[in-house]
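Heads up, the thing below is written out as structure tokens.
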There are 4 protein chains.
Amino acid sequence: MSHTFQHSQPIYTQIMDIFIQRICRGELRPGDKLPSVRDSAVEVGVNPNTIQRSYMEMERRGVVETKRGQGTFVTTDIELLEHLRQELARNQILLFLQSMKQLGYSSHDIMNMINCSMHTKEDTKS
Amino acid sequence: MSHTFQHSQPIYTQIMDIFIQRICRGELRPGDKLPSVRDSAVEVGVNPNTIQRSYMEMERRGVVETKRGQGTFVTTDIELLEHLRQELARNQILLFLQSMKQLGYSSHDIMNMINCSMHTKEDTKS
Amino acid sequence: MSHTFQHSQPIYTQIMDIFIQRICRGELRPGDKLPSVRDSAVEVGVNPNTIQRSYMEMERRGVVETKRGQGTFVTTDIELLEHLRQELARNQILLFLQSMKQLGYSSHDIMNMINCSMHTKEDTKS
Amino acid sequence: MSHTFQHSQPIYTQIMDIFIQRICRGELRPGDKLPSVRDSAVEVGVNPNTIQRSYMEMERRGVVETKRGQGTFVTTDIELLEHLRQELARNQILLFLQSMKQLGYSSHDIMNMINCSMHTKEDTKS
DNA sequence: GTGGTCTAGACCACA
DNA sequence: GTGGTCTAGACCACG
């Protein structure tokens with residue numbers, strides 16, 4: 001299952017973002033083992049060095065921890081993961097708002113439309 | 001200026017989506033001429049036939065009008081364009097909400113965070 | 001302006017039919033000169049011999065008359081032309097009825113639909 | 001079995017018309033499988049892409065339904081087929097009337113001649 | 001120049 | 001096998 005990457009950004013950061021999203025969405029849970037560098041390389045169709053660089057950068061941020069001879073694991077630092085999640089959410093919100101503004105919708109419009117969308121097919125789990 | 005496309009969707013629909021976004025954002029205004037099929041082809045780095053198909057599909061939807069020997073133009077049917085804009089907005093909202101849900105945020109959380117974001121760096125034009 | 005012919009029938013008869021239609025429709029009137037064999041050949045994109053054969057066959061039927069050194073002319077025998085016209089009309093009617101039957105319409109249906117069509121956009125010159 | 005097409009109209013529309021006629025005449029019944037794109041292509045002597053376009057256009061109109069990996073099938077929507085049949089009939093009638101008018105026959109004449117033709121070789125199923 | 005059509009041949013996803 | 005997409009390159013009609 002290969003992947004398509006943008007030219008405007010380093011591929012290793014794009015790969016990193018994909019992993020971070022998976023972690024934040026709970027597809028990869030704290031303590032889970034990431035695929036080996038080689039496996040990931042095959043899966044996304046890039047050079048193992050590129051994957052290696054993604055893992056290194058994530059480790060620098062504390063998102064993952066590498067144990068020599070065992071592999072790379074999602075951090076168990078739940079606070080850090082929570083921060084990560086909030087950062088991702090904040091980012092998505094900003095991108096979304098910006099995009100809606102470009103379509104000519106005011107903040108007020110946006111709030112109304114979201115409200116409407118949520119009530120349309122909403123899980124009222126309160 | 002070549003472009004990167006997803007494998008999961010036909011290129012011609014992706015090209016169409018890009019044009020529709022530009023139109024909805026006002027980058028291309030009613031009556032504006034789209035680039036010629038051949039020019040667009042070299043710009044996005046695909047075969048002219050693929051661009052042609054995008055234009056054809058947009059004309060079928062009424063988004064653009066083609067005049068033989070002259071070119072392809074954004075429709076001046078403002079109602080249709082308004083519908084298009086609303087459809088695009090609705091779509092973006094749904095994608096956004098879905099993505100936020102995947103991050104584990106409830107509808108209530110989302111509303112709060114958006115509210116916060118909007119007031120942070122908001123246009124207080126009142 | 002070249003032409004497209006069926007494989008199932010000799011080209012010269014098809015050309016003849018076209019001329020007869022023109023004559024019956026009054027596009028070519030009694031006494032009118034037909035184009036020269038060479039001109040017709042260029043116009044429809046076939047060999048002059050083929051045109052020549054069409055003219056010969058029409059002369060055999062008395063539809064046209066050839067005057068050496070002058071050209072080929074539509075007959076002035078109005079009775080014969082009238083017969084021709086009726087024959088053509090009868091033929092068209094039969095083909096039409098057959099085609100409608102194939103679509104599953106009874107004679108009664110056909111009469112009704114024609115009546116309707118004629119009254120829709122009809123010139124009531126009575 | 002190759003075919004002859006007019007220059008005045010795209011081949012793919014002519015192919016479409018032929019299929020629609022076959023369907024309306026009951027030669028192809030609801031649910032029947034159309035020949036594969038490739039088979040049709042060799043049968044009528046055109047490029048598979050041209051056939052594909054015909055099929056695509058027919059699907060857009062709802063006349064046929066395509067199932068990936070299985071083939072293209074005549075729709076089972078009988079109402080739609082009935083509409084199609086009526087549309088075809090209306091079209092044939094208009095062409096016929098126009099052609100007869102060109103031969104110099106008034107509406108009244110046409111009605112009489114048709115009546116005569118129908119009674120000549122008529123199905124007296126009463 | 002413009003868009004529209006067609007061919008030749010390729011690869012893909014689905015079943 | 002099926003239809004769906006894409007490329008490369010050609011020719012056409014229109015203005």
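Every chain in the structure tokens has a letter given in the order shown (A, B, ...), and although residue numbers restart at 1 in each chain, ligands are simply numbered from 1 in the order shown.
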Rotated and translated chain C onto chain A by C-alpha atoms, as a PDB file with C-alpha atoms, in the first residue's frame:
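Dumped everything to part.pdb:
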ATOM      1  CA  MET C   1       0.018   0.051  -0.124  1.00  0.00           C
ATOM      2  CA  SER C   2       2.112   2.969  -1.329  1.00  0.00           C
ATOM      3  CA  HIS C   3       1.338   6.602  -0.558  1.00  0.00           C
ATOM      4  CA  THR C   4       1.304  10.005  -2.228  1.00  0.00           C
ATOM      5  CA  PHE C   5       3.302  12.878  -0.794  1.00  0.00           C
ATOM      6  CA  GLN C   6       3.405  16.605  -1.402  1.00  0.00           C
ATOM      7  CA  HIS C   7       6.439  18.181  -2.981  1.00  0.00           C
ATOM      8  CA  SER C   8       6.228  21.223  -0.742  1.00  0.00           C
ATOM      9  CA  GLN C   9       7.170  19.472   2.492  1.00  0.00           C
ATOM     10  CA  PRO C  10       9.834  16.893   3.422  1.00  0.00           C
ATOM     11  CA  ILE C  11       8.493  13.390   3.129  1.00  0.00           C
ATOM     12  CA  TYR C  12       9.785  12.409   6.545  1.00  0.00           C
ATOM     13  CA  THR C  13       7.672  15.076   8.244  1.00  0.00           C
ATOM     14  CA  GLN C  14       4.625  13.947   6.337  1.00  0.00           C
ATOM     15  CA  ILE C  15       5.244  10.396   7.487  1.00  0.00           C
ATOM     16  CA  MET C  16       5.680  11.659  11.019  1.00  0.00           C
ATOM     17  CA  ASP C  17       2.371  13.488  10.834  1.00  0.00           C
ATOM     18  CA  ILE C  18       0.636  10.311   9.737  1.00  0.00           C
ATOM     19  CA  PHE C  19       2.029   8.398  12.719  1.00  0.00           C
ATOM     20  CA  ILE C  20       1.110  11.185  15.123  1.00  0.00           C
ATOM     21  CA  GLN C  21      -2.432  11.198  13.790  1.00  0.00           C
ATOM     22  CA  ARG C  22      -2.673   7.462  14.279  1.00  0.00           C
ATOM     23  CA  ILE C  23      -1.420   7.811  17.808  1.00  0.00           C
ATOM     24  CA  CYS C  24      -3.776  10.647  18.670  1.00  0.00           C
ATOM     25  CA  ARG C  25      -6.705   8.768  17.211  1.00  0.00           C
ATOM     26  CA  GLY C  26      -5.889   5.797  19.355  1.00  0.00           C
ATOM     27  CA  GLU C  27      -5.054   3.523  16.455  1.00  0.00           C
ATOM     28  CA  LEU C  28      -1.645   3.259  18.079  1.00  0.00           C
ATOM     29  CA  ARG C  29      -1.944   3.213  21.860  1.00  0.00           C
ATOM     30  CA  PRO C  30       0.632   4.124  24.531  1.00  0.00           C
ATOM     31  CA  GLY C  31       3.230   1.367  24.672  1.00  0.00           C
ATOM     32  CA  ASP C  32       2.311  -0.063  21.267  1.00  0.00           C
ATOM     33  CA  LYS C  33       5.143  -1.088  19.009  1.00  0.00           C
ATOM     34  CA  LEU C  34       5.535   0.789  15.753  1.00  0.00           C
ATOM     35  CA  PRO C  35       6.253  -1.282  12.638  1.00  0.00           C
ATOM     36  CA  SER C  36       9.943  -1.898  12.027  1.00  0.00           C
ATOM     37  CA  VAL C  37      11.724   0.702   9.960  1.00  0.00           C
ATOM     38  CA  ARG C  38      12.088  -1.798   7.130  1.00  0.00           C
ATOM     39  CA  ASP C  39       8.411  -2.828   7.222  1.00  0.00           C
ATOM     40  CA  SER C  40       7.226   0.769   7.250  1.00  0.00           C
ATOM     41  CA  ALA C  41       9.563   1.568   4.385  1.00  0.00           C
ATOM     42  CA  VAL C  42       8.040  -1.186   2.274  1.00  0.00           C
ATOM     43  CA  GLU C  43       4.531  -0.214   3.292  1.00  0.00           C
ATOM     44  CA  VAL C  44       4.731   3.442   2.353  1.00  0.00           C
ATOM     45  CA  GLY C  45       7.162   2.859  -0.493  1.00  0.00           C
ATOM     46  CA  VAL C  46      10.058   5.037   0.587  1.00  0.00           C
ATOM     47  CA  ASN C  47      13.651   4.524   1.563  1.00  0.00           C
ATOM     48  CA  PRO C  48      14.197   3.053   5.073  1.00  0.00           C
ATOM     49  CA  ASN C  49      16.380   6.061   5.861  1.00  0.00           C
ATOM     50  CA  THR C  50      13.361   8.312   5.448  1.00  0.00           C
ATOM     51  CA  ILE C  51      11.349   6.254   7.906  1.00  0.00           C
ATOM     52  CA  GLN C  52      14.322   6.219  10.281  1.00  0.00           C
ATOM     53  CA  ARG C  53      14.413   9.998  10.213  1.00  0.00           C
ATOM     54  CA  SER C  54      10.685  10.179  11.030  1.00  0.00           C
ATOM     55  CA  TYR C  55      11.174   7.887  14.020  1.00  0.00           C
ATOM     56  CA  MET C  56      14.163   9.922  15.181  1.00  0.00           C
ATOM     57  CA  GLU C  57      12.230  13.166  15.006  1.00  0.00           C
ATOM     58  CA  MET C  58       9.316  11.653  16.914  1.00  0.00           C
ATOM     59  CA  GLU C  59      11.708  10.392  19.564  1.00  0.00           C
ATOM     60  CA  ARG C  60      13.238  13.856  19.847  1.00  0.00           C
ATOM     61  CA  ARG C  61       9.740  15.132  20.606  1.00  0.00           C
ATOM     62  CA  GLY C  62       9.210  12.374  23.120  1.00  0.00           C
ATOM     63  CA  VAL C  63       6.307  10.884  21.193  1.00  0.00           C
ATOM     64  CA  VAL C  64       8.030   7.526  20.820  1.00  0.00           C
ATOM     65  CA  GLU C  65      10.836   5.715  22.589  1.00  0.00           C
ATOM     66  CA  THR C  66      13.356   3.485  20.890  1.00  0.00           C
ATOM     67  CA  LYS C  67      14.661   0.443  22.715  1.00  0.00           C
ATOM     68  CA  ARG C  68      17.788  -0.987  21.115  1.00  0.00           C
ATOM     69  CA  GLY C  69      17.145  -4.396  19.701  1.00  0.00           C
ATOM     70  CA  GLN C  70      13.454  -4.313  20.484  1.00  0.00           C
ATOM     71  CA  GLY C  71      11.924  -1.603  18.336  1.00  0.00           C
ATOM     72  CA  THR C  72      10.171   1.731  18.587  1.00  0.00           C
ATOM     73  CA  PHE C  73       7.241   2.209  20.946  1.00  0.00           C
ATOM     74  CA  VAL C  74       4.606   4.858  21.535  1.00  0.00           C
ATOM     75  CA  THR C  75       5.428   6.785  24.700  1.00  0.00           C
ATOM     76  CA  THR C  76       3.479   5.992  27.849  1.00  0.00           C
ATOM     77  CA  ASP C  77       3.703   9.611  28.945  1.00  0.00           C
ATOM     78  CA  ILE C  78      -0.026  10.288  28.809  1.00  0.00           C
ATOM     79  CA  GLU C  79       0.319  13.955  29.556  1.00  0.00           C
ATOM     80  CA  LEU C  80       2.557  14.431  26.555  1.00  0.00           C
ATOM     81  CA  LEU C  81       0.121  12.503  24.381  1.00  0.00           C
ATOM     82  CA  GLU C  82      -2.717  14.670  25.634  1.00  0.00           C
ATOM     83  CA  HIS C  83      -0.743  17.772  24.732  1.00  0.00           C
ATOM     84  CA  LEU C  84      -0.098  16.298  21.320  1.00  0.00           C
ATOM     85  CA  ARG C  85      -3.780  15.592  20.849  1.00  0.00           C
ATOM     86  CA  GLN C  86      -4.763  19.121  21.803  1.00  0.00           C
ATOM     87  CA  GLU C  87      -2.143  20.587  19.510  1.00  0.00           C
ATOM     88  CA  LEU C  88      -3.402  18.507  16.608  1.00  0.00           C
ATOM     89  CA  ALA C  89      -6.993  19.486  17.344  1.00  0.00           C
ATOM     90  CA  ARG C  90      -6.113  23.168  17.565  1.00  0.00           C
ATOM     91  CA  ASN C  91      -4.317  22.903  14.251  1.00  0.00           C
ATOM     92  CA  GLN C  92      -7.250  21.229  12.544  1.00  0.00           C
ATOM     93  CA  ILE C  93      -9.618  23.834  13.866  1.00  0.00           C
ATOM     94  CA  LEU C  94      -7.476  26.667  12.553  1.00  0.00           C
ATOM     95  CA  LEU C  95      -7.173  25.085   9.124  1.00  0.00           C
ATOM     96  CA  PHE C  96     -10.905  24.466   9.052  1.00  0.00           C
ATOM     97  CA  LEU C  97     -11.818  28.000  10.076  1.00  0.00           C
ATOM     98  CA  GLN C  98      -9.402  29.447   7.541  1.00  0.00           C
ATOM     99  CA  SER C  99     -10.873  27.319   4.803  1.00  0.00           C
ATOM    100  CA  MET C 100     -14.412  28.330   5.697  1.00  0.00           C
ATOM    101  CA  LYS C 101     -13.450  31.976   5.768  1.00  0.00           C
ATOM    102  CA  GLN C 102     -12.051  31.576   2.274  1.00  0.00           C
ATOM    103  CA  LEU C 103     -15.467  30.326   1.229  1.00  0.00           C
ATOM    104  CA  GLY C 104     -16.876  33.568   2.509  1.00  0.00           C
ATOM    105  CA  TYR C 105     -18.474  32.407   5.743  1.00  0.00           C
ATOM    106  CA  SER C 106     -18.337  34.611   8.836  1.00  0.00           C
ATOM    107  CA  SER C 107     -17.581  33.204  12.275  1.00  0.00           C
ATOM    108  CA  HIS C 108     -21.268  33.469  13.055  1.00  0.00           C
ATOM    109  CA  ASP C 109     -22.244  31.525   9.926  1.00  0.00           C
ATOM    110  CA  ILE C 110     -19.751  28.808  10.752  1.00  0.00           C
ATOM    111  CA  MET C 111     -21.072  28.338  14.268  1.00  0.00           C
ATOM    112  CA  ASN C 112     -24.617  28.082  12.981  1.00  0.00           C
ATOM    113  CA  MET C 113     -23.731  25.566  10.272  1.00  0.00           C
ATOM    114  CA  ILE C 114     -21.773  23.394  12.667  1.00  0.00           C
ATOM    115  CA  ASN C 115     -24.619  23.459  15.161  1.00  0.00           C
ATOM    116  CA  CYS C 116     -26.974  22.425  12.426  1.00  0.00           C
ATOM    117  CA  SER C 117     -24.684  19.631  11.190  1.00  0.00           C
ATOM    118  CA  MET C 118     -24.240  18.265  14.679  1.00  0.00           C
ATOM    119  CA  HIS C 119     -27.916  18.180  15.458  1.00  0.00           C
ATOM    120  CA  THR C 120     -28.740  16.543  12.149  1.00  0.00           C
ATOM    121  CA  LYS C 121     -27.146  13.221  12.832  1.00  0.00           C
ATOM    122  CA  GLU C 122     -26.053  13.629  16.391  1.00  0.00           C
ATOM    123  CA  ASP C 123     -25.436  11.274  19.236  1.00  0.00           C
ATOM    124  CA  THR C 124     -26.870  13.091  22.269  1.00  0.00           C
ATOM    125  CA  LYS C 125     -25.001  11.070  24.814  1.00  0.00           C
ATOM    126  CA  SER C 126     -25.531  13.554  27.649  1.00  0.00           C
TER     127      SER C 126
END
Requested in this report: Among the residues of chain B, find those DSSP assigns to helix (DSSP H, G or I) from the backbone and print them as an MDAnalysis selection string.
Outcome: chainID B and resid 11:24 37:44 48:61 78:102 107:120
Please write the residues from the selection above to a file, keeping C-alpha atoms, as a PDB file, in the first residue's frame.
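Writing done, so here's again-v8.pdb:
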ATOM      1  CA  ILE B  11      -7.308  12.553 -11.290  1.00  0.00           C
ATOM      2  CA  TYR B  12      -9.982  14.267 -13.349  1.00  0.00           C
ATOM      3  CA  THR B  13     -12.302  14.548 -10.356  1.00  0.00           C
ATOM      4  CA  GLN B  14      -9.512  15.921  -8.213  1.00  0.00           C
ATOM      5  CA  ILE B  15      -8.766  18.535 -10.848  1.00  0.00           C
ATOM      6  CA  MET B  16     -12.450  19.353 -10.977  1.00  0.00           C
ATOM      7  CA  ASP B  17     -12.540  19.753  -7.210  1.00  0.00           C
ATOM      8  CA  ILE B  18      -9.602  22.148  -7.316  1.00  0.00           C
ATOM      9  CA  PHE B  19     -11.326  24.327  -9.903  1.00  0.00           C
ATOM     10  CA  ILE B  20     -14.580  24.275  -7.969  1.00  0.00           C
ATOM     11  CA  GLN B  21     -12.753  25.347  -4.837  1.00  0.00           C
ATOM     12  CA  ARG B  22     -11.120  28.220  -6.704  1.00  0.00           C
ATOM     13  CA  ILE B  23     -14.487  29.275  -8.039  1.00  0.00           C
ATOM     14  CA  CYS B  24     -16.179  29.062  -4.644  1.00  0.00           C
ATOM     15  CA  VAL B  37      -7.250  22.712 -21.864  1.00  0.00           C
ATOM     16  CA  ARG B  38      -3.685  22.518 -23.134  1.00  0.00           C
ATOM     17  CA  ASP B  39      -2.367  25.173 -20.750  1.00  0.00           C
ATOM     18  CA  SER B  40      -3.991  23.543 -17.752  1.00  0.00           C
ATOM     19  CA  ALA B  41      -2.547  20.233 -18.867  1.00  0.00           C
ATOM     20  CA  VAL B  42       1.034  21.446 -18.794  1.00  0.00           C
ATOM     21  CA  GLU B  43       0.389  23.409 -15.590  1.00  0.00           C
ATOM     22  CA  VAL B  44      -0.821  20.428 -13.583  1.00  0.00           C
ATOM     23  CA  PRO B  48      -4.897  17.300 -22.039  1.00  0.00           C
ATOM     24  CA  ASN B  49      -7.583  14.625 -22.245  1.00  0.00           C
ATOM     25  CA  THR B  50      -7.699  14.450 -18.470  1.00  0.00           C
ATOM     26  CA  ILE B  51      -8.211  18.207 -18.198  1.00  0.00           C
ATOM     27  CA  GLN B  52     -10.802  18.005 -20.948  1.00  0.00           C
ATOM     28  CA  ARG B  53     -12.708  15.469 -18.942  1.00  0.00           C
ATOM     29  CA  SER B  54     -12.653  17.715 -15.879  1.00  0.00           C
ATOM     30  CA  TYR B  55     -13.985  20.629 -17.908  1.00  0.00           C
ATOM     31  CA  MET B  56     -16.630  18.404 -19.498  1.00  0.00           C
ATOM     32  CA  GLU B  57     -17.819  17.173 -16.135  1.00  0.00           C
ATOM     33  CA  MET B  58     -17.970  20.722 -14.777  1.00  0.00           C
ATOM     34  CA  GLU B  59     -20.004  21.800 -17.787  1.00  0.00           C
ATOM     35  CA  ARG B  60     -22.347  18.878 -17.229  1.00  0.00           C
ATOM     36  CA  ARG B  61     -22.889  20.212 -13.724  1.00  0.00           C
ATOM     37  CA  ILE B  78     -25.067  33.018  -9.366  1.00  0.00           C
ATOM     38  CA  GLU B  79     -27.703  30.817  -7.757  1.00  0.00           C
ATOM     39  CA  LEU B  80     -25.941  27.693  -8.942  1.00  0.00           C
ATOM     40  CA  LEU B  81     -22.631  29.032  -7.660  1.00  0.00           C
ATOM     41  CA  GLU B  82     -24.221  29.763  -4.300  1.00  0.00           C
ATOM     42  CA  HIS B  83     -25.517  26.203  -4.109  1.00  0.00           C
ATOM     43  CA  LEU B  84     -22.067  24.983  -4.974  1.00  0.00           C
ATOM     44  CA  ARG B  85     -20.528  27.067  -2.202  1.00  0.00           C
ATOM     45  CA  GLN B  86     -22.991  25.762   0.365  1.00  0.00           C
ATOM     46  CA  GLU B  87     -22.394  22.194  -0.733  1.00  0.00           C
ATOM     47  CA  LEU B  88     -18.653  22.622  -0.407  1.00  0.00           C
ATOM     48  CA  ALA B  89     -19.020  24.195   3.025  1.00  0.00           C
ATOM     49  CA  ARG B  90     -21.303  21.438   4.226  1.00  0.00           C
ATOM     50  CA  ASN B  91     -18.797  18.884   3.040  1.00  0.00           C
ATOM     51  CA  GLN B  92     -15.885  20.575   4.778  1.00  0.00           C
ATOM     52  CA  ILE B  93     -17.839  20.749   8.011  1.00  0.00           C
ATOM     53  CA  LEU B  94     -18.670  17.064   7.912  1.00  0.00           C
ATOM     54  CA  LEU B  95     -15.064  16.095   7.236  1.00  0.00           C
ATOM     55  CA  PHE B  96     -13.899  18.354  10.038  1.00  0.00           C
ATOM     56  CA  LEU B  97     -16.382  17.007  12.561  1.00  0.00           C
ATOM     57  CA  GLN B  98     -15.539  13.450  11.622  1.00  0.00           C
ATOM     58  CA  SER B  99     -11.839  14.122  12.032  1.00  0.00           C
ATOM     59  CA  MET B 100     -12.355  15.740  15.415  1.00  0.00           C
ATOM     60  CA  LYS B 101     -14.498  12.858  16.575  1.00  0.00           C
ATOM     61  CA  GLN B 102     -11.677  10.506  15.643  1.00  0.00           C
ATOM     62  CA  SER B 107     -19.659  17.653  19.869  1.00  0.00           C
ATOM     63  CA  HIS B 108     -19.683  19.763  23.002  1.00  0.00           C
ATOM     64  CA  ASP B 109     -15.878  19.887  23.168  1.00  0.00           C
ATOM     65  CA  ILE B 110     -15.684  20.873  19.525  1.00  0.00           C
ATOM     66  CA  MET B 111     -18.081  23.767  19.945  1.00  0.00           C
ATOM     67  CA  ASN B 112     -16.123  25.044  22.926  1.00  0.00           C
ATOM     68  CA  MET B 113     -12.780  24.831  21.178  1.00  0.00           C
ATOM     69  CA  ILE B 114     -14.078  26.568  18.082  1.00  0.00           C
ATOM     70  CA  ASN B 115     -15.593  29.308  20.179  1.00  0.00           C
ATOM     71  CA  CYS B 116     -12.281  29.751  21.928  1.00  0.00           C
ATOM     72  CA  SER B 117     -10.322  29.799  18.660  1.00  0.00           C
ATOM     73  CA  MET B 118     -12.610  32.337  17.114  1.00  0.00           C
ATOM     74  CA  HIS B 119     -12.424  34.718  20.038  1.00  0.00           C
ATOM     75  CA  THR B 120      -8.649  34.415  20.258  1.00  0.00           C
TER      76      THR B 120
END
Report task. Go through region 6-126 of chain A and collect every residue that DSSP, computed from the backbone, puts in strand (DSSP E or B); the answer should be as an MDAnalysis selection string. Result -> chainID A and resid 33 64:67 71:74
I need the residues from that last selection saved to file as a compact mmCIF listing (two decimals), in the first residue's frame (with N, CA and C atoms), if you can.
# COMPACT_ATOMS: atom_id res chain seq x y z
N LYS A 33 3.98 -1.04 19.84
CA LYS A 33 5.19 -1.08 19.04
C LYS A 33 4.87 -0.57 17.63
N VAL A 64 7.72 8.98 20.79
CA VAL A 64 8.04 7.55 20.80
C VAL A 64 9.37 7.34 21.53
N GLU A 65 9.59 6.11 21.91
CA GLU A 65 10.85 5.75 22.57
C GLU A 65 11.45 4.55 21.86
N THR A 66 12.73 4.64 21.56
CA THR A 66 13.38 3.53 20.88
C THR A 66 14.18 2.71 21.88
N LYS A 67 13.94 1.39 21.86
CA LYS A 67 14.70 0.50 22.72
C LYS A 67 15.57 -0.36 21.82
N GLY A 71 12.84 -2.30 19.29
CA GLY A 71 11.97 -1.59 18.37
C GLY A 71 11.62 -0.20 18.89
N THR A 72 10.65 0.41 18.24
CA THR A 72 10.21 1.76 18.59
C THR A 72 8.79 1.69 19.14
N PHE A 73 8.56 2.36 20.28
CA PHE A 73 7.28 2.23 20.97
C PHE A 73 6.66 3.60 21.24
N VAL A 74 5.35 3.66 21.19
CA VAL A 74 4.64 4.88 21.55
C VAL A 74 4.90 5.16 23.02
Report task. Return as a VMD selection string the residues belonging to chain E that are within 8 Å of chain D, counting only C-alpha atoms (C1' of nucleotides). Result -> chain E and resid 5 to 7 14 to 15
Query - Contact set, chain F to chain D: 10 Å, only C-alpha atoms (C1' of nucleotides), as a ChimeraX atom specification - result: /F:1-4
